[in-house]
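Peer 1: Here it is, the structure in full.
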Amino acid sequence: MKFCTVKQYFDDENNNNVTNGIATTVIPLPNKHLKIKANNKEMEQYEQELLRNVMPQELTKLILAANYLNFKEALDFFCRTVANAIQNKSVDYVRKFFGLESDFEPGEEEKLCKEFAWSFEGVDED
Amino acid sequence: MKMMMGSSFPEEVLEHVFSFIERDKDRNAISTVCQSWYEIERWSRRRVFVGNCYAVSPAILIKRFPDVRCLELKGKPHFADFNLVPEGWGAYVAPWIAAASSAYPWLEEIRLKRMVIPDDSLELISKSFKNFKVLVLSSCEGFSTEGLAAIAANCRNLRELDLRESEVEDLNQSSGHWLSHFPDNYTSLVSLNIACLNSDVSFTALERLVGRCPNLRTLRLNRAVPLDRLAILLRRAPQLVELGTGEASDLRPDVLSNLSGAFSRLTSLNLSYAATIQSSDLIKLVSQCQNLQKLWVLDYIEDLGLEALAASCKDLRELRVFPSEPFGVEPNVLLTEQGLVSVSEGCPKLHSVLYFCRQMSNDALRTIARNRPNMTRFRLCIIEPRTPDYLTLESLDMGFGAIVEHCKDLRRLSLSGLLTDRVFEYIGTYGKKLEMLSVAFAGDSDLGLHHILSGCENLRKLEIRDCPFGDKALLANAAKLETMRSLWMSSCSVSFGACKLLGQKMPMLNVEVIDERGPPDSRPESCPVEKLYIYRTVSGPRLDMPGFVWTKDEDSALGLS
């Protein structure tokens with residue numbers, strides 16, 4: 001199914017979003033992912049490598065390409081990589097990572113923060 | 001700092017990223033990134049934990065998160081387990097269930113702790129949520145076997161029914177034992193915990209249920225199921241990995257050998273209800289459980305048994321040793337600090353301990369701390385209050401100081417024994433990751449409380465009884481209370497005047513004075529209150545307070561209601 005989608009994509013001349021370079025990266029990736037699925041440590045290393053070596057804009061394009069191409073394994077892998085990168089980080093870090101700015105009203109963000117901390121906090125044992 | 005083109009992500013891609021983010025802390029962070037993320041996150045949050053049911057209301061919850069599948073609520077403060085919270089104080093779950101029944105038709109899991117749940121609510125749960133899978137009632141009350149019958153009869157997809165330490169009223173049902181209400185074509189049970197039930201269990205119904213549920217992994221039974229009958233069940237369900245048993249009145253060698261194969265597969269064993277297994281049998285049993293990760297046991301295991309545990313169970317992560325005779329004056333078993341020291345030496349993964357004993361020394365605590373710097377939960381309960389180090393007769397300040405100093409990831413700590421303000425200085429200095437602290441019969445002055453409140457940056461729950469802590473430290477650290485979930489103080493020296501002041505100063509706190517002696521304003525303001533429960537909330541003062549609870553009321557001239 002994967003190769004059918006890719007072939008269709010390249011046949012579609014109107015679509016300029018995915019260059020040959022990126023499509024080439026996308027296709028082999030899932031295979032590599034599947035090969036090293038067994039070893040979690042290798043996966044982590046690969047994720048780190050990906051984040052270090054692939055420019056953020058490229059990573060964005062990879063994700064969008066995977067989404068367009070309906071590449072479930074690739075999409076899962078990239079989304080999980082991004083999710084792991086923003087776990088346990090501050091809101092500011094996440095904003096910078098995605099190049100986003102807060103568009104909350106002044107005071108609104110603080111109010112939201114307070115509500116979370118007070119009502120919907122993390123699970124504890126006991 | 002990397003920069004992705006976040007604004008070019010279509011919503012479904014963001015949702016996909018969010019689906020890998022499960023921790024509440026992280027979800028809370030991503031929801032404050034910007035308004036569109038807030039919206040995407042709140043529509044996709046499936047799991048919500050409300051640590052204090054009075055910190056927020058059902059309406060606020062539903063408005064914010066419209067499609068919740070897993071709801072966890074906690075009600076009464078922890079010291080309710082020691083009967084310090086009077087009957088009728090609150091924690092009623094009925095309003096939550098009623099609201100959820102219309103707002104969350106796809107709700108799958110409900111977990112409650114220390115809440116009051118009537119049979120009506122159980123019936124409503126069984127009829128409102130078609131895909132209901134998990135019901136965990138931990139230390140709950142207010143329901144009977146009739147409510148359980150409704151759950152059994154109607155929840156076709158139920159996977160987990162766990163009654164933990166709940167109080168269940170046994171009603172003789174004309175329609176037969178509640179277990180037999182599971183229909184014949186019901187086969188989805190994965191986990192069943194009915195250890196707390198005082199009533200008889202229909203063994204036939206149980207055996208048939210166990211026999212037709214191929215995915216059953218956890219089974220915790222009550223006193224009514226003797227060990228030899230357990231063998232029958234184990235043969236019907238060889239895939240079990242977690243087992244707990246009630247009365248083991250007849251642990252004969254042949255019964256034990258029948259079960260030995262099953263025991264070696266167990267990862268969790270709860271023998272805290274098994275009042276008649278003696279030390280030598282416990283040793284034999286425990287030595288067969290090489291894969292054990294969690295053991296809850298009575299102090300009949302003694303030091304010798306704990307040595308055997310340390311030798312056999314190298315994967316042990318959690319140990320709880322409960323007292324067989326907590327109110328006895330003299331020790332009835334040979335369990336001392338040595339047992340805990342052995343386990344701390346022999347079990348490298350041990351990180352969670354609850355240990356009841358009658359003697360302790362600073363030396364032992366230091367050894368435990370050095371052996372297990374990976375400790376995250378350490379609850380020591382020396383039965384007699386203010387017991388000193390039995391070797392030196394000094395306080396146990398240094399010993400607990402060593403625990404907080406070496407165990408840098410310690411999140412939960414319960415103190416006991418003879419302790420001065422010094423121990424609180426150590427805790428305030430080193431307990432930077434501490435989230436919950438329990439204190440009883442300790443300290444000399446307000447300085448003790450001040451050390452904790454000013455030093456423990458991550459403190460969320462603090463519970464104190466019978467300590468000489470008063471107004472000064474509390475009022476000086478009022479702002480800290482808004483960063484915590486709750487503070488409980490009973491039989492301390494906090495005056496009614498200070499409570500009123502705190503209530504006025506801190507609008508986001510509910511300051512509850514619990515006093516069964518009558519209205520606090522019938523006594524001088526300087527009079528200490530019996531019990532005090534302070535918690536932060538976004539839903540204001542609660543409307544279901546009983547007569548013996550007072551809190552601020554802006555309308556009243558007296559400042560109380």
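Naming scheme: A, B, ... for chains in displayed order of the structure tokens; residues 1 onward per chain; ligands 1 onward as shown.
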Name the residues in contact with B:Ile427 at a cut-off of 10 Å, using only C-alpha atoms, excluding same-chain residues fewer than 4 positions from it; report them as a list in words.

Peer 2: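 Returned residues: Asp397, Phe400, Gly401, Ala402, Ile403, Val404, Glu405, Leu413, Arg422, Val423, Gly431, Lys432, Leu434, Leu437, Gly448, His451, Ile452, Gly455 and Cys456 of chain B.
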
Peer 1: From a DSSP pass on the backbone, collect the residues of stretch 272-433 of chain B flagged as helix (DSSP H, G or I) and hand them back as a short mmCIF file (atom, residue, chain, number, x, y, z; two decimals) with C-alpha atoms, in the first residue's frame.

Peer 2:
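Output saved as result00.cif:
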```cif
data_model
loop_
_atom_site.label_atom_id
_atom_site.label_comp_id
_atom_site.auth_asym_id
_atom_site.auth_seq_id
_atom_site.Cartn_x
_atom_site.Cartn_y
_atom_site.Cartn_z
CA SER B 279 6.71 -17.49 60.30
CA SER B 280 8.12 -20.82 59.10
CA ASP B 281 5.31 -21.27 56.58
CA LEU B 282 5.71 -17.69 55.41
CA ILE B 283 9.40 -18.31 54.83
CA LYS B 284 8.65 -21.40 52.72
CA LEU B 285 6.04 -19.50 50.75
CA VAL B 286 8.08 -16.40 50.14
CA SER B 287 11.19 -18.35 49.13
CA ASP B 299 4.70 -8.97 60.97
CA TYR B 300 4.42 -12.72 61.51
CA ILE B 301 7.09 -12.83 58.84
CA GLU B 302 9.56 -11.69 61.49
CA ASP B 303 13.22 -10.79 60.93
CA LEU B 304 14.03 -14.33 59.81
CA GLY B 305 11.37 -14.26 57.13
CA LEU B 306 12.56 -10.91 55.88
CA GLU B 307 16.10 -12.31 55.63
CA ALA B 308 14.72 -15.14 53.49
CA LEU B 309 12.84 -12.57 51.42
CA ALA B 310 16.06 -10.61 50.90
CA ALA B 311 17.82 -13.78 49.77
CA SER B 312 15.13 -15.04 47.37
CA GLU B 337 14.63 -2.97 62.63
CA GLN B 338 16.94 -5.78 61.50
CA GLY B 339 14.33 -7.21 59.15
CA LEU B 340 14.10 -3.97 57.24
CA VAL B 341 17.88 -3.60 57.16
CA SER B 342 18.20 -7.11 55.63
CA VAL B 343 15.71 -6.32 52.89
CA SER B 344 17.40 -2.98 52.17
CA GLU B 345 20.69 -4.84 51.74
CA GLY B 346 19.42 -7.75 49.69
CA ASN B 362 19.64 5.83 64.04
CA ASP B 363 22.29 3.32 62.95
CA ALA B 364 19.71 1.15 61.21
CA LEU B 365 18.16 4.15 59.46
CA ARG B 366 21.57 5.34 58.30
CA THR B 367 22.34 1.87 56.95
CA ILE B 368 19.02 1.68 55.14
CA ALA B 369 19.59 5.15 53.65
CA ARG B 370 23.05 4.21 52.39
CA ASN B 371 21.87 0.86 51.04
CA ASP B 397 16.50 12.99 64.09
CA MET B 398 19.84 11.83 62.66
CA GLY B 399 18.42 8.61 61.26
CA PHE B 400 15.61 10.30 59.35
CA GLY B 401 18.07 13.02 58.40
CA ALA B 402 20.19 10.35 56.72
CA ILE B 403 17.13 9.10 54.85
CA VAL B 404 16.30 12.50 53.36
CA GLU B 405 19.92 13.28 52.66
CA HIS B 406 20.78 10.06 50.81
CA ASP B 421 12.59 20.30 65.56
CA ARG B 422 15.98 19.17 64.23
CA VAL B 423 14.50 16.47 62.00
CA PHE B 424 12.33 19.10 60.30
CA GLU B 425 15.41 21.20 59.64
CA TYR B 426 16.94 18.20 57.82
CA ILE B 427 13.72 17.58 55.91
CA GLY B 428 13.45 21.22 54.87
CA THR B 429 17.08 21.21 53.75
CA TYR B 430 17.21 17.91 51.88
#
```

Peer 1: With a cut-off of 8 Å and counting only C-alpha atoms, select all residues of chain B in contact with chain A and give the selection as JSON, numbers by chain.

Peer 2: {"B": [1, 2, 3, 4, 5, 6, 7, 9, 13, 16, 17, 18, 20, 21, 23, 24, 25, 26, 28, 29, 30, 32, 33, 34, 35, 48, 49, 50, 51, 52, 55, 56, 485, 536, 537, 538]}

Peer 1: Report the residues of stretch 370-516 of chain B whose backbone DSSP state falls under strand (DSSP E or B), written as a short mmCIF file (atom, residue, chain, number, x, y, z; two decimals) with N, CA and C atoms, in the first residue's frame.

Peer 2:
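Writing the result to out29.cif gives the following:
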```cif
data_model
loop_
_atom_site.label_atom_id
_atom_site.label_comp_id
_atom_site.auth_asym_id
_atom_site.auth_seq_id
_atom_site.Cartn_x
_atom_site.Cartn_y
_atom_site.Cartn_z
N ARG B 377 9.58 6.06 48.50
CA ARG B 377 8.51 6.15 49.49
C ARG B 377 8.97 5.42 50.75
N PHE B 378 9.03 6.15 51.83
CA PHE B 378 9.51 5.56 53.07
C PHE B 378 8.58 5.93 54.21
N ARG B 379 7.84 4.92 54.67
CA ARG B 379 6.90 5.17 55.77
C ARG B 379 7.24 4.23 56.91
N LEU B 380 7.75 4.82 57.96
CA LEU B 380 8.12 4.04 59.13
C LEU B 380 7.14 4.33 60.25
N CYS B 381 6.56 3.28 60.81
CA CYS B 381 5.60 3.47 61.90
C CYS B 381 6.05 2.71 63.13
N ILE B 382 6.77 3.40 63.98
CA ILE B 382 7.13 2.80 65.27
C ILE B 382 5.89 2.94 66.13
N ARG B 412 7.74 10.51 49.27
CA ARG B 412 6.76 10.27 50.33
C ARG B 412 7.49 9.85 51.58
N LEU B 413 7.16 10.49 52.71
CA LEU B 413 7.84 10.16 53.96
C LEU B 413 6.87 10.21 55.13
N SER B 414 6.90 9.17 55.96
CA SER B 414 6.14 9.18 57.22
C SER B 414 7.13 9.00 58.35
N MET B 436 4.77 14.38 49.84
CA MET B 436 3.82 14.13 50.91
C MET B 436 4.54 13.74 52.19
N LEU B 437 4.16 14.39 53.29
CA LEU B 437 4.81 14.15 54.57
C LEU B 437 3.77 13.92 55.65
N SER B 438 3.97 12.87 56.45
CA SER B 438 3.08 12.57 57.57
C SER B 438 3.86 12.66 58.86
N VAL B 439 3.31 13.43 59.80
CA VAL B 439 4.00 13.69 61.07
C VAL B 439 3.07 13.44 62.24
N ALA B 440 3.54 12.75 63.25
CA ALA B 440 2.73 12.51 64.44
C ALA B 440 3.59 12.53 65.69
N LYS B 461 1.15 17.54 49.97
CA LYS B 461 0.24 17.15 51.05
C LYS B 461 1.01 17.03 52.35
N LEU B 462 0.46 17.67 53.36
CA LEU B 462 1.09 17.62 54.68
C LEU B 462 0.01 17.25 55.68
N GLU B 463 0.28 16.21 56.47
CA GLU B 463 -0.69 15.81 57.49
C GLU B 463 0.03 15.67 58.82
N ILE B 464 -0.56 16.32 59.81
CA ILE B 464 0.10 16.42 61.12
C ILE B 464 -0.91 16.12 62.22
N ARG B 465 -0.49 15.33 63.19
CA ARG B 465 -1.34 15.13 64.36
C ARG B 465 -0.50 15.17 65.63
N GLY B 470 1.74 25.75 65.99
CA GLY B 470 0.65 26.70 66.21
C GLY B 470 0.49 27.71 65.11
N SER B 486 -3.26 20.08 50.05
CA SER B 486 -3.97 20.15 51.33
C SER B 486 -3.04 20.07 52.52
N LEU B 487 -3.56 20.57 53.65
CA LEU B 487 -2.88 20.49 54.93
C LEU B 487 -3.88 20.03 55.97
N TRP B 488 -3.51 19.01 56.73
CA TRP B 488 -4.35 18.51 57.83
C TRP B 488 -3.58 18.68 59.13
N MET B 489 -4.24 19.26 60.11
CA MET B 489 -3.63 19.35 61.42
C MET B 489 -4.67 19.01 62.48
N SER B 490 -4.39 18.01 63.30
CA SER B 490 -5.31 17.69 64.39
C SER B 490 -4.54 17.58 65.70
N SER B 493 -1.79 23.12 67.97
CA SER B 493 -2.09 24.33 68.75
C SER B 493 -2.51 25.50 67.89
N SER B 495 -5.04 28.21 66.71
CA SER B 495 -6.21 28.83 67.32
C SER B 495 -7.30 29.11 66.29
N LEU B 509 -8.40 29.42 49.32
CA LEU B 509 -8.32 28.27 50.22
C LEU B 509 -9.65 28.06 50.92
N ASN B 510 -10.01 26.81 51.10
CA ASN B 510 -11.09 26.49 52.04
C ASN B 510 -10.42 26.12 53.35
N VAL B 511 -10.71 26.88 54.38
CA VAL B 511 -10.14 26.58 55.69
C VAL B 511 -11.26 25.95 56.51
N GLU B 512 -11.20 24.65 56.70
CA GLU B 512 -12.27 23.96 57.41
C GLU B 512 -11.85 23.68 58.85
N VAL B 513 -12.64 24.20 59.77
CA VAL B 513 -12.43 23.87 61.18
C VAL B 513 -13.40 22.75 61.53
N ILE B 514 -12.85 21.63 61.91
CA ILE B 514 -13.66 20.46 62.24
C ILE B 514 -13.63 20.30 63.75
#
```

Peer 1: Rounded to one decimal place, report the atom CA of B:Lys113-atom CA of B:Ser416 distance in Å.

Peer 2: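 The value is 24.9 Å.
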